[in-house]
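Novice: Below is the file data25.csv, with CSV, N, CA and C atoms.
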```csv
chain,number,residue,atom,x,y,z
T,15,PHE,N,-21.1,16.8,9.6
T,15,PHE,CA,-21.0,16.0,8.4
T,15,PHE,C,-19.5,15.5,8.3
T,16,PRO,N,-19.3,14.4,7.6
T,16,PRO,CA,-18.0,13.9,7.5
T,16,PRO,C,-17.2,14.7,6.5
T,17,VAL,N,-15.9,14.8,6.7
T,17,VAL,CA,-15.0,15.6,5.9
T,17,VAL,C,-14.1,14.5,5.1
T,18,THR,N,-14.0,14.7,3.8
T,18,THR,CA,-13.2,13.8,3.1
T,18,THR,C,-11.9,14.5,2.6
T,19,ILE,N,-10.8,13.8,2.9
T,19,ILE,CA,-9.5,14.4,2.5
T,19,ILE,C,-9.0,13.6,1.3
T,20,GLY,N,-8.6,14.2,0.2
T,20,GLY,CA,-8.1,13.5,-0.9
T,20,GLY,C,-6.7,13.0,-0.8
T,21,TYR,N,-6.4,12.0,-1.4
T,21,TYR,CA,-5.0,11.4,-1.3
T,21,TYR,C,-4.0,12.4,-1.8
T,22,SER,N,-4.3,13.3,-2.7
T,22,SER,CA,-3.3,14.3,-3.2
T,22,SER,C,-2.8,15.1,-2.1
T,23,GLU,N,-3.5,15.3,-1.0
T,23,GLU,CA,-3.0,16.0,0.2
T,23,GLU,C,-1.9,15.3,0.9
T,24,PHE,N,-1.7,14.0,0.6
T,24,PHE,CA,-0.7,13.2,1.2
T,24,PHE,C,0.5,12.8,0.3
T,25,TYR,N,0.6,13.4,-0.9
T,25,TYR,CA,1.7,13.2,-1.7
T,25,TYR,C,3.0,13.5,-1.0
T,26,GLY,N,3.9,12.6,-1.0
T,26,GLY,CA,5.2,12.9,-0.4
T,26,GLY,C,5.2,12.7,1.1
T,27,ARG,N,4.1,12.2,1.7
T,27,ARG,CA,4.1,11.9,3.1
T,27,ARG,C,3.1,10.9,3.6
T,28,GLY,N,2.4,10.3,2.6
T,28,GLY,CA,1.4,9.2,2.9
T,28,GLY,C,1.9,7.9,2.4
T,29,ILE,N,1.5,6.8,3.1
T,29,ILE,CA,1.8,5.5,2.7
T,29,ILE,C,0.6,4.6,2.8
T,30,ALA,N,0.5,3.5,2.0
T,30,ALA,CA,-0.4,2.4,2.2
T,30,ALA,C,0.5,1.4,3.0
T,31,CYS,N,-0.1,0.9,4.0
T,31,CYS,CA,0.7,0.1,4.9
T,31,CYS,C,0.1,-1.2,5.2
T,32,PRO,N,0.8,-2.2,5.7
T,32,PRO,CA,0.3,-3.5,6.0
T,32,PRO,C,-0.7,-3.5,7.2
T,33,PRO,N,-1.5,-4.5,7.4
T,33,PRO,CA,-2.5,-4.5,8.4
T,33,PRO,C,-2.0,-4.3,9.9
T,34,GLY,N,-0.7,-4.6,10.1
T,34,GLY,CA,-0.1,-4.4,11.4
T,34,GLY,C,0.0,-3.0,11.9
T,35,LEU,N,-0.2,-2.1,10.9
T,35,LEU,CA,-0.1,-0.6,11.3
T,35,LEU,C,-1.5,-0.1,11.2
T,36,ARG,N,-1.9,0.8,12.1
T,36,ARG,CA,-3.2,1.4,12.0
T,36,ARG,C,-3.2,2.7,11.2
T,37,LEU,N,-4.4,3.0,10.6
T,37,LEU,CA,-4.5,4.2,9.9
T,37,LEU,C,-4.2,5.4,10.8
T,38,GLY,N,-3.5,6.4,10.3
T,38,GLY,CA,-3.0,7.5,11.0
T,38,GLY,C,-1.7,7.4,11.8
T,39,GLN,N,-1.2,6.1,11.8
T,39,GLN,CA,0.0,5.9,12.5
T,39,GLN,C,1.2,6.4,11.6
T,40,SER,N,2.2,6.9,12.3
T,40,SER,CA,3.4,7.5,11.6
T,40,SER,C,4.6,6.6,11.6
T,41,LEU,N,5.4,6.6,10.6
T,41,LEU,CA,6.7,6.0,10.5
T,41,LEU,C,7.7,7.0,10.2
T,42,ARG,N,8.9,6.8,10.8
T,42,ARG,CA,10.1,7.7,10.4
T,42,ARG,C,11.0,6.8,9.6
T,43,VAL,N,11.1,7.2,8.3
T,43,VAL,CA,11.9,6.4,7.4
T,43,VAL,C,13.4,6.9,7.5
T,44,ILE,N,14.3,6.0,7.8
T,44,ILE,CA,15.7,6.3,8.0
T,44,ILE,C,16.4,6.1,6.7
T,45,SER,N,16.0,5.1,5.9
T,45,SER,CA,16.7,4.8,4.6
T,45,SER,C,15.7,4.1,3.7
T,46,PRO,N,15.8,4.3,2.4
T,46,PRO,CA,16.8,5.1,1.6
T,46,PRO,C,16.6,6.6,1.8
T,47,GLU,N,17.7,7.2,1.5
T,47,GLU,CA,17.8,8.7,1.6
T,47,GLU,C,16.6,9.4,0.9
T,48,GLN,N,16.2,8.9,-0.3
T,48,GLN,CA,15.2,9.6,-1.1
T,48,GLN,C,13.8,9.6,-0.4
T,49,LEU,N,13.6,8.7,0.6
T,49,LEU,CA,12.3,8.6,1.2
T,49,LEU,C,12.4,9.0,2.7
T,50,LYS,N,13.5,9.5,3.1
T,50,LYS,CA,13.8,9.9,4.5
T,50,LYS,C,12.8,10.9,5.0
T,51,GLY,N,12.3,10.7,6.2
T,51,GLY,CA,11.3,11.6,6.8
T,51,GLY,C,10.2,10.8,7.5
T,52,VAL,N,9.2,11.6,7.9
T,52,VAL,CA,8.0,11.0,8.6
T,52,VAL,C,6.9,10.9,7.6
T,53,TRP,N,6.3,9.7,7.6
T,53,TRP,CA,5.2,9.3,6.7
T,53,TRP,C,4.0,8.8,7.5
T,54,VAL,N,2.8,9.0,7.0
T,54,VAL,CA,1.6,8.7,7.7
T,54,VAL,C,0.8,7.6,7.0
T,55,CYS,N,0.4,6.6,7.7
T,55,CYS,CA,-0.4,5.5,7.1
T,55,CYS,C,-1.8,6.0,6.8
T,56,VAL,N,-2.1,6.1,5.5
T,56,VAL,CA,-3.4,6.7,5.0
T,56,VAL,C,-4.3,5.6,4.3
T,57,ASP,N,-3.7,4.4,4.1
T,57,ASP,CA,-4.5,3.4,3.4
T,57,ASP,C,-3.9,2.0,3.8
T,58,ARG,N,-4.8,1.0,3.8
T,58,ARG,CA,-4.4,-0.4,4.1
T,58,ARG,C,-5.1,-1.3,3.1
T,59,GLY,N,-4.8,-1.1,1.8
T,59,GLY,CA,-5.4,-1.9,0.8
T,59,GLY,C,-5.0,-3.3,0.8
T,60,ARG,N,-5.9,-4.2,0.2
T,60,ARG,CA,-5.6,-5.6,0.2
T,60,ARG,C,-4.4,-6.0,-0.5
T,61,ALA,N,-3.9,-5.2,-1.4
T,61,ALA,CA,-2.7,-5.5,-2.2
T,61,ALA,C,-1.4,-5.4,-1.3
T,62,ILE,N,-1.5,-4.7,-0.2
T,62,ILE,CA,-0.3,-4.5,0.7
T,62,ILE,C,-0.2,-5.7,1.6
T,63,GLU,N,0.8,-6.5,1.4
T,63,GLU,CA,0.9,-7.7,2.2
T,63,GLU,C,2.3,-7.7,2.9
T,64,ASP,N,2.4,-8.6,3.9
T,64,ASP,CA,3.7,-8.8,4.6
T,64,ASP,C,4.1,-7.5,5.2
T,65,ASN,N,5.3,-7.1,5.0
T,65,ASN,CA,5.8,-5.8,5.6
T,65,ASN,C,6.0,-4.8,4.5
T,66,TRP,N,5.3,-4.9,3.4
T,66,TRP,CA,5.5,-3.9,2.3
T,66,TRP,C,4.8,-2.6,2.7
T,67,LEU,N,5.4,-1.5,2.1
T,67,LEU,CA,4.9,-0.1,2.2
T,67,LEU,C,4.8,0.4,0.8
T,68,ASP,N,3.7,1.1,0.6
T,68,ASP,CA,3.5,1.7,-0.8
T,68,ASP,C,3.5,3.2,-0.5
T,69,PHE,N,4.5,3.9,-1.0
T,69,PHE,CA,4.6,5.4,-0.8
T,69,PHE,C,3.8,6.1,-1.8
T,70,LEU,N,3.1,7.1,-1.3
T,70,LEU,CA,2.2,7.9,-2.2
T,70,LEU,C,3.1,9.0,-2.8
T,71,LEU,N,3.5,8.9,-4.0
T,71,LEU,CA,4.3,9.8,-4.7
T,71,LEU,C,3.7,10.3,-6.0
T,72,LYS,N,4.0,11.5,-6.3
T,72,LYS,CA,3.6,12.1,-7.6
T,72,LYS,C,4.5,11.5,-8.7
T,73,TYR,N,4.1,11.6,-9.9
T,73,TYR,CA,5.0,11.2,-11.0
T,73,TYR,C,5.2,12.4,-11.9
T,74,PRO,N,6.4,12.9,-12.2
T,74,PRO,CA,7.6,12.3,-11.6
T,74,PRO,C,7.7,12.6,-10.1
T,75,ASP,N,8.4,11.7,-9.4
T,75,ASP,CA,8.5,11.8,-8.0
T,75,ASP,C,9.0,13.2,-7.5
T,76,GLN,N,8.1,13.8,-6.7
T,76,GLN,CA,8.4,15.1,-6.2
T,76,GLN,C,9.6,15.1,-5.2
T,77,ILE,N,10.0,14.0,-4.7
T,77,ILE,CA,11.1,13.9,-3.7
T,77,ILE,C,12.4,13.4,-4.4
T,78,TRP,N,12.3,13.1,-5.6
T,78,TRP,CA,13.5,12.6,-6.3
T,78,TRP,C,14.1,13.7,-7.2
T,79,THR,N,15.4,14.0,-6.9
T,79,THR,CA,16.0,15.1,-7.6
T,79,THR,C,16.9,14.6,-8.8
T,80,GLY,N,17.0,13.3,-9.0
T,80,GLY,CA,17.8,12.8,-10.1
T,80,GLY,C,17.1,13.0,-11.4
T,81,TYR,N,17.9,12.8,-12.5
T,81,TYR,CA,17.3,12.9,-13.8
T,81,TYR,C,16.7,11.7,-14.3
T,82,ASP,N,17.1,10.5,-13.8
T,82,ASP,CA,16.7,9.3,-14.4
T,82,ASP,C,15.9,8.5,-13.3
T,83,LEU,N,14.5,8.4,-13.6
T,83,LEU,CA,13.7,7.7,-12.6
T,83,LEU,C,14.0,6.3,-12.5
T,84,ASN,N,14.8,5.7,-13.4
T,84,ASN,CA,15.2,4.3,-13.2
T,84,ASN,C,16.3,4.2,-12.1
T,85,GLN,N,16.9,5.3,-11.7
T,85,GLN,CA,17.8,5.3,-10.6
T,85,GLN,C,17.2,5.4,-9.2
T,86,PHE,N,15.8,5.7,-9.2
T,86,PHE,CA,15.1,5.8,-7.9
T,86,PHE,C,15.1,4.4,-7.3
T,87,PRO,N,15.2,4.4,-6.0
T,87,PRO,CA,15.3,3.0,-5.3
T,87,PRO,C,14.0,2.3,-5.3
T,88,TRP,N,13.4,2.0,-6.4
T,88,TRP,CA,12.1,1.3,-6.5
T,88,TRP,C,12.4,-0.1,-5.8
T,89,GLY,N,11.5,-0.5,-5.0
T,89,GLY,CA,11.5,-1.9,-4.4
T,89,GLY,C,12.7,-2.1,-3.5
T,90,SER,N,13.3,-1.1,-3.0
T,90,SER,CA,14.5,-1.2,-2.2
T,90,SER,C,14.0,-1.5,-0.7
T,91,GLU,N,14.9,-2.0,0.1
T,91,GLU,CA,14.6,-2.2,1.5
T,91,GLU,C,14.5,-0.9,2.2
T,92,VAL,N,13.4,-0.7,3.0
T,92,VAL,CA,13.2,0.5,3.7
T,92,VAL,C,13.5,0.2,5.2
T,93,ILE,N,14.3,1.1,5.8
T,93,ILE,CA,14.5,1.0,7.3
T,93,ILE,C,13.7,2.1,7.9
T,94,ALA,N,12.8,1.8,8.8
T,94,ALA,CA,11.9,2.8,9.4
T,94,ALA,C,11.6,2.4,10.8
T,95,GLU,N,11.2,3.4,11.6
T,95,GLU,CA,10.7,3.1,13.0
T,95,GLU,C,9.3,3.6,13.1
T,96,VAL,N,8.5,2.8,13.8
T,96,VAL,CA,7.1,3.2,14.0
T,96,VAL,C,7.0,4.2,15.1
T,97,LEU,N,6.3,5.3,14.9
T,97,LEU,CA,6.1,6.3,15.9
T,97,LEU,C,4.8,6.1,16.5
T,98,GLU,N,4.6,6.3,17.8
T,98,GLU,CA,3.3,6.2,18.4
T,98,GLU,C,2.5,7.4,18.4
```
Please, can you express the file's structure as structure tokens?
Specialist:
Amino acid sequence: FPVTIGYSEFYGRGIACPPGLRLGQSLRVISPEQLKGVWVCVDRGRAIEDNWLDFLLKYPDQIWTGYDLNQFPWGSEVIAEVLE
């Protein structure tokens, strides 16, 4: 029988990615520092267009150690490499 994995299991490591990336494919984020690491494509919703990535984060963001969420790099340019 099929096994369903909830999105909560991907907090801090899952992304919704554009159609050019396949589900399960990994990216290594190089910058910004707050998102640095390996992330896995777990969703390809219709709202994700062009080269946008939507990071699956908890609120408040589990990977942000600052006091002010307004200082998190929302909408910033992400430098990443696609891993095979």
Novice: Could you check which of T:Leu49, T:Val54, T:Glu98, T:Tyr21 is closest to Leu37 of chain T, using only C-alpha atoms?
Specialist: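 Nearest candidate to Leu37 of chain T out of T:Leu49, T:Val54, T:Glu98, T:Tyr21: T:Val54.
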Novice: So the first atom is atom CA of Gln39 of chain T and the second is atom CA of Arg58 of chain T; what is the distance between them in Å, to one decimal place?
Specialist: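 We find that atom CA of Gln39 of chain T and atom CA of Arg58 of chain T lie 11.4 Å from each other.
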Novice: Quick check, in Å to one decimal: how far apart do atom CA of Gln48 of chain T and atom CA of Arg27 of chain T lie?
Specialist: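 Going from atom CA of Gln48 of chain T over to atom CA of Arg27 of chain T, I get 12.1 Å.
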Novice: I'd like the interatomic distance between atom C of Glu23 of chain T and atom CA of Val43 of chain T, to a tenth of an Å.
Specialist: 17.7 Å
Novice: Write out as a PDB file with N, CA and C atoms, in the frame of the given file which residues come within 7 Å of Glu95 of chain T when counting all atoms listed in the file, dropping same-chain ones fewer than 3 positions away.
Specialist:
```
ATOM      1  N   SER T  40       2.200   6.900  12.300  1.00  0.00           N
ATOM      2  CA  SER T  40       3.400   7.500  11.600  1.00  0.00           C
ATOM      3  C   SER T  40       4.600   6.600  11.600  1.00  0.00           C
ATOM      4  N   LEU T  41       5.400   6.600  10.600  1.00  0.00           N
ATOM      5  CA  LEU T  41       6.700   6.000  10.500  1.00  0.00           C
ATOM      6  C   LEU T  41       7.700   7.000  10.200  1.00  0.00           C
ATOM      7  N   ARG T  42       8.900   6.800  10.800  1.00  0.00           N
ATOM      8  CA  ARG T  42      10.100   7.700  10.400  1.00  0.00           C
ATOM      9  C   ARG T  42      11.000   6.800   9.600  1.00  0.00           C
ATOM     10  N   VAL T  43      11.100   7.200   8.300  1.00  0.00           N
ATOM     11  CA  VAL T  43      11.900   6.400   7.400  1.00  0.00           C
ATOM     12  C   VAL T  43      13.400   6.900   7.500  1.00  0.00           C
ATOM     13  N   ILE T  44      14.300   6.000   7.800  1.00  0.00           N
ATOM     14  CA  ILE T  44      15.700   6.300   8.000  1.00  0.00           C
ATOM     15  C   ILE T  44      16.400   6.100   6.700  1.00  0.00           C
TER      16      ILE T  44
END
```
Novice: Determine which residues of segment 17-65 of chain T receive a DSSP assignment of helix (DSSP H, G or I), computed from the backbone, and state them as a VMD selection string.
Specialist: chain T and resid 21 to 24 47 to 49
Novice: Which is closer to Leu67 of chain T than all the others in T:Lys50, T:Tyr25, T:Cys31, T:Ala94, using only N, CA and C atoms?
Specialist: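 The shortest atom-to-atom distance to Leu67 of chain T comes from T:Cys31.
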Novice: Give the answer as one residue: which of T:Gly89, T:Gly38, T:Pro46, T:Pro33 has the shortest atom-to-atom distance to Ile62 of chain T, using all atoms listed in the file?
Specialist: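 That would be T:Pro33, the residue with the smallest distance to Ile62 of chain T.
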